[in-house]
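Reproduced below: input04.txt, with compact mmCIF, C-alpha atoms.
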```txt
# COMPACT_ATOMS: atom_id res chain seq x y z
CA MET K 1 3.94 27.11 18.07
CA ILE K 2 1.17 25.83 15.79
CA ASP K 3 -1.26 23.64 17.73
CA THR K 4 -2.92 21.75 14.88
CA ILE K 5 -2.26 21.48 11.16
CA ASN K 6 -5.22 20.41 9.02
CA PHE K 7 -5.25 18.88 5.56
CA ASN K 8 -8.41 18.16 3.59
CA TYR K 9 -8.67 15.88 0.58
CA THR K 10 -11.43 14.86 -1.79
CA VAL K 11 -11.07 11.32 -3.13
CA ASP K 12 -12.20 10.99 -6.73
CA GLY K 13 -14.47 7.98 -7.09
CA LEU K 14 -14.08 7.71 -10.83
CA ASP K 15 -10.35 7.68 -11.50
CA PHE K 16 -8.66 4.71 -9.83
CA SER K 17 -5.23 5.90 -10.90
CA ARG K 18 -5.62 8.83 -8.49
CA ALA K 19 -6.54 6.70 -5.46
CA GLY K 20 -3.67 7.05 -3.02
CA GLU K 21 -2.67 10.60 -3.90
CA ALA K 22 -3.83 11.92 -0.53
CA SER K 23 -1.90 9.26 1.38
CA THR K 24 1.21 9.92 -0.68
CA ASP K 25 0.90 13.62 0.12
CA ILE K 26 0.50 13.06 3.88
CA LYS K 27 3.41 10.66 3.88
CA GLN K 28 5.60 13.33 2.30
CA LYS K 29 4.44 16.00 4.74
CA LEU K 30 5.15 13.81 7.78
CA LYS K 31 8.56 13.01 6.37
CA GLN K 32 9.28 16.73 6.01
CA MET K 33 8.17 17.21 9.62
CA GLY K 34 10.76 14.68 10.72
CA VAL K 35 8.31 12.08 12.08
CA ASP K 36 9.82 8.65 12.79
CA PHE K 37 9.63 6.49 9.64
CA THR K 38 8.01 3.51 11.37
CA ILE K 39 5.17 5.77 12.54
CA ILE K 40 4.90 7.36 9.08
CA ARG K 41 4.51 3.90 7.57
CA LYS K 42 1.68 3.02 9.98
CA ILE K 43 -0.14 6.23 9.11
CA ALA K 44 0.49 5.81 5.38
CA ILE K 45 -0.81 2.21 5.33
CA ALA K 46 -3.90 3.00 7.43
CA MET K 47 -4.80 6.02 5.34
CA TYR K 48 -4.06 4.36 1.99
CA GLU K 49 -6.26 1.36 2.85
CA GLY K 50 -9.01 3.80 3.79
CA GLU K 51 -8.53 5.80 0.64
CA ILE K 52 -8.78 2.66 -1.49
CA ASN K 53 -11.96 1.71 0.41
CA LEU K 54 -13.49 5.11 -0.39
CA PHE K 55 -12.85 4.43 -4.05
CA ILE K 56 -13.96 0.79 -4.14
CA HIS K 57 -17.03 0.94 -1.92
CA ALA K 58 -18.30 4.51 -1.92
CA HIS K 59 -17.41 6.14 -5.26
CA GLY K 60 -15.14 8.54 -3.43
CA GLY K 61 -15.33 10.61 -0.27
CA LYS K 62 -13.47 13.03 1.92
CA ILE K 63 -10.42 12.75 4.14
CA ASN K 64 -9.51 15.18 6.88
CA VAL K 65 -6.13 14.85 8.55
CA SER K 66 -5.21 16.79 11.69
CA ILE K 67 -1.65 16.72 12.92
CA THR K 68 -0.61 17.89 16.39
CA ALA K 69 2.63 17.47 18.30
CA THR K 70 1.34 14.24 19.82
CA GLU K 71 -0.97 12.58 17.30
CA VAL K 72 -2.29 12.28 13.76
CA LEU K 73 -6.07 12.09 13.45
CA MET K 74 -7.57 10.83 10.17
CA ILE K 75 -11.28 11.09 9.45
CA LEU K 76 -12.51 9.38 6.27
CA SER K 77 -16.12 9.94 5.39
CA ASP K 78 -18.33 8.90 2.50
CA HIS K 79 -21.91 8.76 1.32
CA GLY K 80 -21.61 5.19 0.08
CA PRO K 81 -23.85 2.20 0.84
CA GLY K 82 -22.81 1.93 4.49
CA ILE K 83 -21.72 -1.19 6.38
CA ASP K 84 -24.49 -3.52 7.50
CA ASP K 85 -22.47 -5.58 9.97
CA ILE K 86 -19.32 -3.83 11.20
CA ALA K 87 -18.11 -6.83 13.24
CA GLN K 88 -18.29 -9.01 10.13
CA ALA K 89 -16.56 -6.35 8.02
CA MET K 90 -13.67 -6.35 10.51
CA LEU K 91 -12.98 -10.06 9.97
CA ALA K 92 -9.83 -10.69 7.93
CA GLY K 93 -10.82 -12.11 4.56
CA PHE K 94 -14.43 -10.91 4.60
CA SER K 95 -15.07 -8.71 1.59
CA THR K 96 -18.00 -7.21 -0.27
CA ALA K 97 -15.76 -5.65 -2.90
CA PRO K 98 -16.81 -6.20 -6.52
CA ASP K 99 -14.75 -8.47 -8.79
CA ASP K 100 -13.30 -5.52 -10.66
CA ALA K 101 -11.67 -4.33 -7.40
CA ARG K 102 -9.88 -7.67 -7.13
CA GLU K 103 -8.68 -7.36 -10.71
CA LEU K 104 -7.07 -4.09 -9.59
CA GLY K 105 -5.29 -5.86 -6.72
CA PHE K 106 -7.63 -5.02 -3.85
CA GLY K 107 -10.73 -6.40 -2.16
CA ALA K 108 -9.16 -9.31 -0.29
CA GLY K 109 -10.95 -8.40 2.92
CA MET K 110 -7.77 -7.13 4.56
CA GLY K 111 -8.42 -3.38 4.46
CA LEU K 112 -10.32 -2.69 7.69
CA PRO K 113 -8.32 -5.18 9.82
CA ASN K 114 -5.12 -3.64 8.46
CA MET K 115 -6.36 -0.13 9.24
CA LYS K 116 -7.06 -1.24 12.81
CA LYS K 117 -3.67 -2.92 13.07
CA ASN K 118 -1.85 0.22 11.95
CA SER K 119 -3.76 2.74 14.04
CA ASP K 120 -3.70 3.22 17.80
CA GLU K 121 -7.43 3.97 17.92
CA MET K 122 -10.09 3.31 15.30
CA LYS K 123 -13.81 3.95 15.28
CA ILE K 124 -16.32 3.09 12.52
CA GLU K 125 -19.70 4.78 12.36
CA SER K 126 -21.96 3.63 9.58
CA GLU K 127 -25.57 3.69 8.53
CA VAL K 128 -26.84 1.62 5.61
CA GLY K 129 -27.89 3.84 2.75
CA VAL K 130 -26.38 6.94 4.37
CA GLY K 131 -22.62 6.45 4.54
CA THR K 132 -19.62 5.62 6.66
CA THR K 133 -17.13 7.58 8.74
CA VAL K 134 -13.91 5.95 9.87
CA THR K 135 -11.85 7.79 12.47
CA MET K 136 -8.29 6.68 13.09
CA LYS K 137 -5.68 8.03 15.47
CA VAL K 138 -1.96 7.33 15.52
CA TYR K 139 0.20 8.64 18.39
CA LEU K 140 3.45 10.36 17.49
CA MET M 1 21.20 -9.26 -1.66
CA LYS M 2 21.74 -6.24 -3.90
CA ILE M 3 19.16 -5.25 -6.51
CA SER M 4 21.87 -5.70 -9.13
CA GLU M 5 22.23 -9.35 -8.06
CA ILE M 6 18.47 -9.80 -8.34
CA ARG M 7 18.58 -8.28 -11.82
CA ASP M 8 21.30 -10.74 -12.84
CA ALA M 9 19.60 -13.76 -11.27
CA LEU M 10 16.34 -13.06 -13.09
CA GLY M 11 17.89 -11.77 -16.30
CA ALA M 12 15.73 -8.71 -15.71
CA ARG M 13 15.68 -5.42 -17.57
CA VAL M 14 15.97 -2.18 -15.56
CA VAL M 15 13.17 0.20 -16.54
CA CYS M 16 14.08 3.00 -14.14
CA GLY M 17 16.15 3.64 -11.01
CA GLU M 18 19.49 2.40 -12.34
CA GLU M 19 21.16 4.56 -9.67
CA PHE M 20 19.57 2.52 -6.84
CA LEU M 21 20.79 -0.94 -7.86
CA ASP M 22 23.25 -1.15 -4.98
CA ARG M 23 20.44 -1.11 -2.40
CA ASP M 24 20.47 -4.07 -0.02
CA ILE M 25 17.30 -6.16 -0.04
CA SER M 26 16.47 -8.23 3.07
CA THR M 27 13.11 -9.81 2.20
CA GLY M 28 10.94 -10.62 -0.80
CA CYS M 29 7.21 -10.66 -1.46
CA GLY M 30 5.45 -12.18 -4.46
CA SER M 31 1.81 -11.21 -4.91
CA ASP M 32 -0.73 -9.84 -7.34
CA MET M 33 -2.92 -8.73 -4.43
CA MET M 34 -1.89 -5.33 -3.12
CA SER M 35 -4.17 -5.95 -0.12
CA ASP M 36 -1.83 -8.74 0.96
CA VAL M 37 1.26 -6.67 0.25
CA LEU M 38 -0.11 -3.94 2.54
CA ALA M 39 -0.83 -6.48 5.25
CA TYR M 40 2.29 -8.64 5.21
CA VAL M 41 5.36 -7.02 3.68
CA LYS M 42 8.44 -6.64 5.88
CA ASP M 43 11.39 -4.28 5.89
CA ARG M 44 13.75 -3.62 2.99
CA SER M 45 11.69 -5.67 0.58
CA VAL M 46 11.54 -6.36 -3.10
CA LEU M 47 8.05 -6.81 -4.54
CA LEU M 48 7.49 -9.27 -7.37
CA THR M 49 4.15 -8.97 -9.08
CA GLY M 50 2.25 -9.60 -12.29
CA LEU M 51 -0.22 -6.82 -11.51
CA CYS M 52 0.64 -3.79 -13.55
CA ASN M 53 -1.13 -0.58 -12.56
CA LEU M 54 -0.37 2.68 -10.77
CA GLN M 55 -1.51 1.30 -7.41
CA VAL M 56 1.42 -1.13 -7.43
CA ILE M 57 3.75 1.87 -7.30
CA ARG M 58 1.65 3.60 -4.64
CA THR M 59 1.48 0.44 -2.54
CA ALA M 60 5.23 0.01 -2.81
CA ASP M 61 5.70 3.62 -1.75
CA MET M 62 3.46 3.22 1.32
CA MET M 63 5.38 0.12 2.38
CA ASP M 64 8.83 1.63 1.73
CA ILE M 65 9.48 -1.21 -0.72
CA LEU M 66 12.92 -0.78 -2.24
CA CYS M 67 12.36 -2.33 -5.68
CA ILE M 68 9.50 -3.58 -7.88
CA ILE M 69 9.89 -6.45 -10.32
CA PHE M 70 7.16 -6.98 -12.90
CA VAL M 71 7.04 -10.62 -13.98
CA ARG M 72 5.55 -12.29 -17.09
CA ASP M 73 7.00 -9.46 -19.18
CA LYS M 74 4.47 -6.94 -17.90
CA ARG M 75 5.39 -3.44 -19.00
CA PRO M 76 4.66 -0.40 -16.81
CA ASP M 77 3.23 2.63 -18.58
CA GLU M 78 4.71 6.13 -18.55
CA ALA M 79 2.63 7.31 -15.57
CA MET M 80 3.84 4.38 -13.49
CA ILE M 81 7.46 4.96 -14.46
CA GLN M 82 7.11 8.66 -13.69
CA LEU M 83 5.67 8.02 -10.22
CA ALA M 84 8.30 5.37 -9.47
CA MET M 85 11.06 7.80 -10.41
CA GLU M 86 9.53 10.51 -8.20
CA ARG M 87 9.34 8.07 -5.29
CA GLU M 88 12.85 6.70 -6.04
CA ILE M 89 11.65 3.12 -6.54
CA PRO M 90 13.56 1.18 -9.19
CA ILE M 91 11.48 -0.96 -11.57
CA LEU M 92 12.74 -4.16 -13.21
CA CYS M 93 10.95 -6.35 -15.74
CA SER M 94 11.44 -10.10 -16.08
CA GLY M 95 10.07 -12.73 -18.43
CA HIS M 96 9.80 -15.24 -15.59
CA ARG M 97 6.44 -16.13 -14.11
CA LEU M 98 5.83 -15.17 -10.50
CA PHE M 99 6.44 -18.61 -8.99
CA GLY M 100 9.61 -19.14 -10.99
CA ALA M 101 11.02 -15.70 -10.21
CA CYS M 102 10.35 -16.12 -6.48
CA GLY M 103 11.92 -19.58 -6.59
CA ILE M 104 15.10 -18.31 -8.20
CA LEU M 105 15.50 -15.62 -5.55
CA TYR M 106 14.68 -18.07 -2.74
CA GLU M 107 17.37 -20.37 -4.06
CA LYS M 108 19.79 -17.46 -3.90
CA GLY M 109 19.01 -17.04 -0.21
CA LEU M 110 16.25 -14.41 -0.17
CA ARG M 111 13.40 -15.11 2.28
CA GLY M 112 9.92 -13.77 2.89
CA GLY M 113 10.47 -12.64 6.45
CA ALA M 114 7.34 -14.36 7.81
CA ASN M 115 7.33 -16.16 11.12
CA TYR M 116 6.40 -19.67 9.96
CA ASP M 117 6.30 -21.11 13.48
CA ARG M 118 2.81 -19.75 14.03
CA TYR M 119 1.48 -21.91 11.18
CA HIS M 120 2.71 -25.20 12.67
```
Could you write out this structure as structure tokens?
Amino acid sequence: MIDTINFNYTVDGLDFSRAGEASTDIKQKLKQMGVDFTIIRKIAIAMYEGEINLFIHAHGGKINVSITATEVLMILSDHGPGIDDIAQAMLAGFSTAPDDARELGFGAGMGLPNMKKNSDEMKIESEVGVGTTVTMKVYL
Amino acid sequence: MKISEIRDALGARVVCGEEFLDRDISTGCGSDMMSDVLAYVKDRSVLLTGLCNLQVIRTADMMDILCIIFVRDKRPDEAMIQLAMEREIPILCSGHRLFGACGILYEKGLRGGANYDRYH
């Protein structure tokens, strides 16, 4: 029996049309593994929101996904501007996204709260000027 | 409500996914903000939107949305159609504006699926 399956993705910060490819891929893989569709949706939403954030706020980043028999762990890391006030960033409706993100349909200040809502555990570590790492866990 | 009934009610054109028109739709969502779609959409939904980019298809895929309707005569490009076909999401196009299209479907009995009690 395989203990852990790892998938690593690099999110392109320049091509918005590619944002979401990693989440689409993970969704497909979980489906092939026979994971319950309601759990797949939670994982897909949480990861997609994070992937969009990497694009909008950090000009790209990396996503590592580890799947075991009991959980899916997603680690999204970037070298973007960092989050000054994490508590404020978690408020629904608070957004620092640029106007062009809103023209693309994102940046309503719902991303982080929605990631928290769809994950069983979430941790944000951030340093201004250094980058941000968001760790999310969903139990299978 | 079947997708074919939605097509007829809106006088919409089917761009792709003709084979899925007998899917049953339970709820509807009208929005140009994909952030809101990701936060609020319910099960077995149709998405009506005037936003026309690849992320609409990806968002619909993440939410297991069963059909996308582009309003205001927005036309999806080839990449969007290709992805929608891969993900088995039918796309319809309508000349109605978003408010009007949602109103027509509401009148036909389709609802948003939100719990309104919490707002009163």
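Of the listed residues (K:Gly50, K:Gly80, K:Gly61, K:Gly13), K:Gly50 comes nearest to chain M; the distances count only C-alpha atoms.
Shortest atom-to-atom contact with Leu92 (chain M) among M:Cys29, M:Leu54, M:Ile69, M:Ile3: M:Ile69, counting all atoms listed in the file.
Shell of Gly109 (chain K) at 9 Å, with only C-alpha atoms counted and residues fewer than 2 places along the chain excluded, is Ala89, Met90, Leu91, Ala92, Gly93, Phe94, Ser95, Thr96, Ala97, Phe106, Gly107, Gly111, Leu112 and Pro113 of chain K; Ser35 of chain M.
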Inset, instruction - Go ahead and compute the interatomic distance for CA of Arg97 (chain M) and CA of Ala9 (chain M), in Å to one decimal. - result: 13.7 Å
Legend entry - Contact set, chain M to chain K: 12 Å, all atoms listed in the file, as a ChimeraX atom specification: /M:31-43,49-65,77,79-80,83,86-87
Using C-alpha atoms, can you export the residues from the last selection as an mmCIF file, keeping the file's coordinate frame?
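Result written to again06.cif:
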```
data_model
loop_
_atom_site.group_PDB
_atom_site.id
_atom_site.type_symbol
_atom_site.label_atom_id
_atom_site.label_comp_id
_atom_site.auth_asym_id
_atom_site.auth_seq_id
_atom_site.Cartn_x
_atom_site.Cartn_y
_atom_site.Cartn_z
ATOM 1 C CA SER M 31 1.810 -11.210 -4.910
ATOM 2 C CA ASP M 32 -0.730 -9.840 -7.340
ATOM 3 C CA MET M 33 -2.920 -8.730 -4.430
ATOM 4 C CA MET M 34 -1.890 -5.330 -3.120
ATOM 5 C CA SER M 35 -4.170 -5.950 -0.120
ATOM 6 C CA ASP M 36 -1.830 -8.740 0.960
ATOM 7 C CA VAL M 37 1.260 -6.670 0.250
ATOM 8 C CA LEU M 38 -0.110 -3.940 2.540
ATOM 9 C CA ALA M 39 -0.830 -6.480 5.250
ATOM 10 C CA TYR M 40 2.290 -8.640 5.210
ATOM 11 C CA VAL M 41 5.360 -7.020 3.680
ATOM 12 C CA LYS M 42 8.440 -6.640 5.880
ATOM 13 C CA ASP M 43 11.390 -4.280 5.890
ATOM 14 C CA THR M 49 4.150 -8.970 -9.080
ATOM 15 C CA GLY M 50 2.250 -9.600 -12.290
ATOM 16 C CA LEU M 51 -0.220 -6.820 -11.510
ATOM 17 C CA CYS M 52 0.640 -3.790 -13.550
ATOM 18 C CA ASN M 53 -1.130 -0.580 -12.560
ATOM 19 C CA LEU M 54 -0.370 2.680 -10.770
ATOM 20 C CA GLN M 55 -1.510 1.300 -7.410
ATOM 21 C CA VAL M 56 1.420 -1.130 -7.430
ATOM 22 C CA ILE M 57 3.750 1.870 -7.300
ATOM 23 C CA ARG M 58 1.650 3.600 -4.640
ATOM 24 C CA THR M 59 1.480 0.440 -2.540
ATOM 25 C CA ALA M 60 5.230 0.010 -2.810
ATOM 26 C CA ASP M 61 5.700 3.620 -1.750
ATOM 27 C CA MET M 62 3.460 3.220 1.320
ATOM 28 C CA MET M 63 5.380 0.120 2.380
ATOM 29 C CA ASP M 64 8.830 1.630 1.730
ATOM 30 C CA ILE M 65 9.480 -1.210 -0.720
ATOM 31 C CA ASP M 77 3.230 2.630 -18.580
ATOM 32 C CA ALA M 79 2.630 7.310 -15.570
ATOM 33 C CA MET M 80 3.840 4.380 -13.490
ATOM 34 C CA LEU M 83 5.670 8.020 -10.220
ATOM 35 C CA GLU M 86 9.530 10.510 -8.200
ATOM 36 C CA ARG M 87 9.340 8.070 -5.290
#
```
Legend entry - All residues 6 Å or closer to Thr27 (chain M), all atoms listed in the file, same chain fewer than 3 positions away omitted, as an MDAnalysis selection string: chainID M and resid 45 111:113
Inset, instruction - Could you tell me which of K:Asp99, K:His59, K:Thr68, K:Ile86 comes closest to Leu14 (chain K) if we count all atoms listed in the file? - result: K:His59
Inset, instruction - Measure the distance from CA of Asp120 (chain K) to CA of Gln32 (chain K) in Å and round it to one decimal. - result: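 Distance reported for this atom pair: 22.1 Å.
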Legend entry - Residue list as an NGL selection string for point (12.4, 0.7, -14.8), cut-off 10 Å, all atoms listed in the file: :M and (13-18 or 67-70 or 75-76 or 80-82 or 84-85 or 89-93)
Inset, instruction - Kindly give the distance, in Å, that separates CA of Ile26 (chain K) and CA of Gly82 (chain K), rounded to a single decimal. - result: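 Atom-to-atom, CA of Ile26 (chain K) and CA of Gly82 (chain K) are spaced 25.8 Å apart.
Ranking K:Met33, K:Leu140, K:Ile75, K:Ile67 by their shortest atom-to-atom distance to Ile124 (chain K), with only C-alpha atoms included, puts K:Ile75 first.
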